[in-house]
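This report concerns only the one structure given below.
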2 protein chains.
Amino acid sequence: MKMYDLINKKKNKESLTANEIEFIIQGYTNGSVPDYQMSAFLMAVCLNGMNHEETAALTIAMANSGDILDLSQIKGAKVDKHSTGGVGDKTSLVLSPMVASLGIPVAKMSGRGLGHTGGTIDKLESFPGFSTTITTEQFVSNVNKVKMAIVGQTANLAPADKKIYALRDVTATIDNISLIASSIMSKKIASGADVIVLDVKTGSGAFMKTLEESLALANEMVQIGTIAGKQTYAVITDMNQPLGNAVGNTLEVIEAIDTLNGDGPKDLLEVSITLASYMLVGAGIATSVEEAAKMLYKTIEDKSALNKMAEFIRAQGGNSDPVYHTELFQKASIVEEVAAPSDGYITFIHTDEVGMTSLVLGGGRETKESVIDLSVGLKIHKKLGDSVIKGEALATLYANDSNKLAEAKKRFLDAYVIGSQKLEKPKYVYAIVTKDGIQQL
Amino acid sequence: MKMYDLINKKKNKESLTANEIEFIIQGYTNGSVPDYQMSAFLMAVCLNGMNHEETAALTIAMANSGDILDLSQIKGAKVDKHSTGGVGDKTSLVLSPMVASLGIPVAKMSGRGLGHTGGTIDKLESFPGFSTTITTEQFVSNVNKVKMAIVGQTANLAPADKKIYALRDVTATIDNISLIASSIMSKKIASGADVIVLDVKTGSGAFMKTLEESLALANEMVQIGTIAGKQTYAVITDMNQPLGNAVGNTLEVIEAIDTLNGDGPKDLLEVSITLASYMLVGAGIATSVEEAAKMLYKTIEDKSALNKMAEFIRAQGGNSDPVYHTELFQKASIVEEVAAPSDGYITFIHTDEVGMTSLVLGGGRETKESVIDLSVGLKIHKKLGDSVIKGEALATLYANDSNKLAEAKKRFLDAYVIGSQKLEKPKYVYAIVTKDGIQQL
């Protein structure tokens with residue numbers, strides 16, 4: 001087999017076999033296929049596409065390029081959830097303790113934040129002493145005991161994906177559905193879960209700006225998961241505005257705890273319950289999403305999800321007191337409101353710019369090496385369709401530096417568009433994608 | 001300007017400006033654009049194409065990447081001819097002395113043969129003492145005095161083309177009309193001629209196998225030449241069988257001399273006259289190709305072309321006696337006929353395999369480093385449409401090694417298809433392409 005011939009096949013719109021794709025991925029990982037051949041191949045894929053079978057083969061080959069997490073010592077069906085990334089997205093913090101409190105093992109491998117979206121591990125480090133650098137043995141043991149554990153991504157998970165992503169980043173070969181889907185799914189498959197629920201965000205703060213693109217990506221990922229033998233569901237959720245009201249690490253943890261206490265924002269609760277319902281159905285604990293939702297609401301009413309959160313924090317070395325007394329979390333030193341510059345209705349939110357507001361306050365990373373300030377961020381008080389009077393607070397900013405605050409304020413005001421027309425509020429959930437098809441809501 | 005954005009533009013089917021293309025070529029030549037970005041760009045060009053303006057800009061940028069031959073000291077319009085390569089193609093040896101004998105300067109930069117096609121320089125080295133390693137001053141002085149000189153390609157002619165060609169060769173990005181046309185034309189433009197006549201071969205022994213592809217390539221090259229300010233003509237000629245009868249370096253020189261003596265094969269003479277006619281029209285020496293053809297035939301009748309050949313050989317250090325006594329050329333030691341295996345008609349010739357027959361006898365190069373044997377080769381006696389009787393000679397092979405002869409014989413027989421149906425003989429010339437359009441003949 002020669003890489004030249006495989007590039008040529010894809011250039012001529014032919015399909016590649018699983019063996020051929022494995023040859024490419026192994027060759028690129030071990031260096032026998034050089035960058036310049038791989039980038040020509042990736043461009044041919046971008047322009048001529050890949051079918052579902054090719055995309056699945058690519059994903060599996062990338063998953064097999066490094067370690068595959070062995071979760072066989074965990075009892076029961078392992079469930080995992082993955083979000084394509086959004087602003088104020090703290091569903092992992094809400095749904096994981098809910099699902100775990102029902103006895104379903106949540107073995108999560110999570111990342112840190114980069115750019116305008118936050119990372120679950122950063123947020124959890126708001127709990128003093130909490131650590132995600134635990135061994136695989138501890139991880140497995142915690143999941144068996146507590147039913148919930150979260151670790152940082154190990155270095156050698158799908159190294160082919162890492163290398164290919166870096167090349168795509170400099171050769172204008174990012175925006176292809178097969179390449180995006182396989183990149184996400186290769187890591188999920190290597191993470192070892194049996195049930196994968198994908199939260200595909202759509203809108204101004206998401207990677208996929210339109211519902212059509214989001215559906216295509218969701219469908220591709222569900223096909224891949226299915227071919228790889230995983231029960232896979234995708235939920236298309238709104239990202240035309242932040243999810244919930246809090247943006248910033250500790251602020252988001254507090255909002256998640258409020259939600260587990262029954263005092264959270266409606267959109268965050270509904271999206272979390274929807275995602276978690278599919279985790280329950282996939283694990284075989286509920287026979288319908290309606291039944292699953294009822295079980296999940298009960299974990300809030302009886303505080304079992306809140307208690308599970310505290311138990312999980314303690315199991316990974318953290319102080320769980322702030323779960324019950326959120327005033328114990330470290331606070332930002334400057335708290336200031338942003339006033340509406342005019343009367344009207346919120347007609348558009350540049351959601352990624354709201355994420356950037358938190359980032360410039362120090363709450364996000366510009367590069368992988370950036371050190372972040374967990375206490376800063378913002379709470380928004382007005383969302384799409386809300387009416388607003390000049391001088392009324394649009395949001396409250398939490399800062400530790402007055403210069404950064406000034407820049408953040410400006411950035412935030414630029415993110416909000418106030419118009420004269422009252423628009424309908426966006427849906428929380430647009431569609432569900434399963435192996436049997438798309439169900440628009 | 002960033003290479004990333006330019007790759008992205010071409011991926012999105014947008015046109016690039018001349019400045020943007022120059023940025024790419026300069027960057028790739030000086031190393032600031034890495035191979036992996038260039039190969040992604042080349043794949044995008046293969047799949048999304050380039051328009052005539054982009055292709056011309058690419059050609060000019062590649063021509064400007066190295067030395068541009070300064071022929072300003074040569075009086076009159078400089079004419080050049082380029083062939084896309086074929087088997088038995090010795091038109092340069094026939095038409096150059098014809099054109100030069102009419103006072104038109106022929107300043108030719110020529111290559112050596114590689115693979116199954118021969119090179120003019122190799123052929124000319126059949127004359128003892130003949131050399132093409134002369135300085136630019138000698139070259140210019142010879143053209144002014146003799147009206148004809150031929151040099152080997154200098155090292156720094158269109159280095160961008162050389163580097164890009166090497167990359168295309170390993171990334172399956174060879175077969176794109178814009179890339180093929182710009183590669184040929186960049187070297188022609190850097191060679192400094194005012195009038196360029198292109199001999200675009202079509203058929204089983206040509207790079208372009210169909211008339212349609214050949215016309216597309218010819219049209220692209222004529223457009224490039226026109227945009228670059230060169231008078232450019234393309235002639236589509238047949239390569240479904242060798243041109244003339246001789247294949248092999250010295251054998252081809254002898255056939256060219258026979259033609260200048262009025263004793264050459266009809267196809268070689270007609271193709272040479274057609275190409276040369278456009279050189280004359282382009283140089284403004286004749287007002288029509290008919291007038292030009294008459295002038296050219298006269299150079300054969302009065303032996304002025306033959307005498308010009310001898311003068312040219314002497315001017316570059318060679319012994320010109322063999323021009324008048326071809327029996328003085330060095331001869332192969334073994335001469336053997338290949339007998340027809342059956343009765344019938346020649347219905348197809350795998351022309352590149354006839355070229356390979358000469359190569360395996362030692363007359364061609366497998367790699368750039370191969371040393372070639374000038375005296376070996378073959379003379380074919382049967383061409384397409386000819387009838388043949390079993391045992392009759394299809395060709396005569398000239399060899400210096402009996403093992404190579406045996407292999408060549410087998411190869412030659414495989415190249416000839418004898419069938420029961422008499423087919424029409426192919427045309428010599430199919431079409432003329434000028435800046436005003438295509439004239440099919």
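Chain labels A, B, ... are given in the sequence in which chains occur in the structure tokens; within each chain residues are numbered consecutively from 1, and ligands are likewise numbered from 1 in the order shown.
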
Open item on the list: Taking only C-alpha atoms into account and nothing else, which residues of chain A lie no more than 10 Å away from chain B? Please answer as JSON, numbers by chain.
Closed with: {"A": [3, 4, 5, 6, 7, 8, 9, 10, 11, 12, 34, 35, 36, 37, 38, 39, 40, 41, 42, 43, 44, 46, 47, 48, 167, 168, 169, 170, 171, 172, 173, 174]}

Identify, on the basis of only C-alpha atoms, every residue whose closest approach to Lys298 in chain B does not exceed 12 Å; exclude the query and any residue fewer than 5 positions from it along the same chain; express the result as a JSON list (two decimals) with N, CA and C atoms, in the first residue's frame.
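Wrote it out as around_22.json, contents follow:
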[["chain", "number", "residue", "atom", "x", "y", "z"],
["B", 98, "MET", "N", 16.11, 24.44, -40.75],
["B", 98, "MET", "CA", 15.26, 25.05, -41.79],
["B", 98, "MET", "C", 14.99, 26.51, -41.47],
["B", 99, "VAL", "N", 14.51, 26.74, -40.24],
["B", 99, "VAL", "CA", 14.13, 28.09, -39.82],
["B", 99, "VAL", "C", 15.36, 29.00, -39.78],
["B", 101, "SER", "N", 18.06, 28.72, -41.46],
["B", 101, "SER", "CA", 18.59, 28.98, -42.81],
["B", 101, "SER", "C", 17.83, 30.11, -43.49],
["B", 102, "LEU", "N", 16.63, 30.44, -42.96],
["B", 102, "LEU", "CA", 15.86, 31.57, -43.49],
["B", 102, "LEU", "C", 16.17, 32.86, -42.72],
["B", 260, "LEU", "N", 16.19, 16.35, -44.19],
["B", 260, "LEU", "CA", 16.75, 17.59, -44.72],
["B", 260, "LEU", "C", 17.29, 17.39, -46.14],
["B", 261, "ASN", "N", 17.55, 16.12, -46.49],
["B", 261, "ASN", "CA", 17.99, 15.77, -47.84],
["B", 261, "ASN", "C", 16.83, 15.48, -48.76],
["B", 262, "GLY", "N", 15.59, 15.57, -48.20],
["B", 262, "GLY", "CA", 14.41, 15.29, -49.03],
["B", 262, "GLY", "C", 14.03, 13.82, -49.05],
["B", 273, "ILE", "N", 7.26, 20.81, -40.82],
["B", 273, "ILE", "CA", 6.93, 21.98, -41.65],
["B", 273, "ILE", "C", 5.80, 22.79, -40.99],
["B", 291, "GLU", "N", 2.47, 30.38, -47.21],
["B", 291, "GLU", "CA", 3.68, 31.04, -47.71],
["B", 291, "GLU", "C", 4.90, 30.50, -46.96],
["B", 292, "ALA", "N", 4.73, 30.35, -45.63],
["B", 292, "ALA", "CA", 5.84, 29.86, -44.81],
["B", 292, "ALA", "C", 6.25, 28.46, -45.26],
["B", 293, "ALA", "N", 5.26, 27.60, -45.50],
["B", 293, "ALA", "CA", 5.55, 26.22, -45.89],
["B", 293, "ALA", "C", 6.35, 26.18, -47.19],
["B", 303, "LYS", "N", 19.14, 22.61, -50.30],
["B", 303, "LYS", "CA", 20.11, 22.11, -49.30],
["B", 303, "LYS", "C", 20.56, 23.17, -48.29],
["B", 304, "SER", "N", 19.89, 24.32, -48.25],
["B", 304, "SER", "CA", 20.35, 25.36, -47.32],
["B", 304, "SER", "C", 20.14, 24.92, -45.87],
["B", 305, "ALA", "N", 19.06, 24.13, -45.60],
["B", 305, "ALA", "CA", 18.83, 23.65, -44.24],
["B", 305, "ALA", "C", 19.90, 22.64, -43.84],
["B", 306, "LEU", "N", 20.25, 21.74, -44.78],
["B", 306, "LEU", "CA", 21.28, 20.75, -44.50],
["B", 306, "LEU", "C", 22.62, 21.43, -44.21]]

Open item on the list: Report, in Å with one decimal, the straight-line distance from CA of Ala286 in chain A to CA of Asp80 in chain A.
Closed with: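 Distance between the two atoms: 16.3 Å.
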
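When only C-alpha atoms are used to compute distances to Lys230 in chain A, the closest of the residues A:Leu243, A:Ile418, A:Ser191, A:Asp122 turns out to be A:Ser191.
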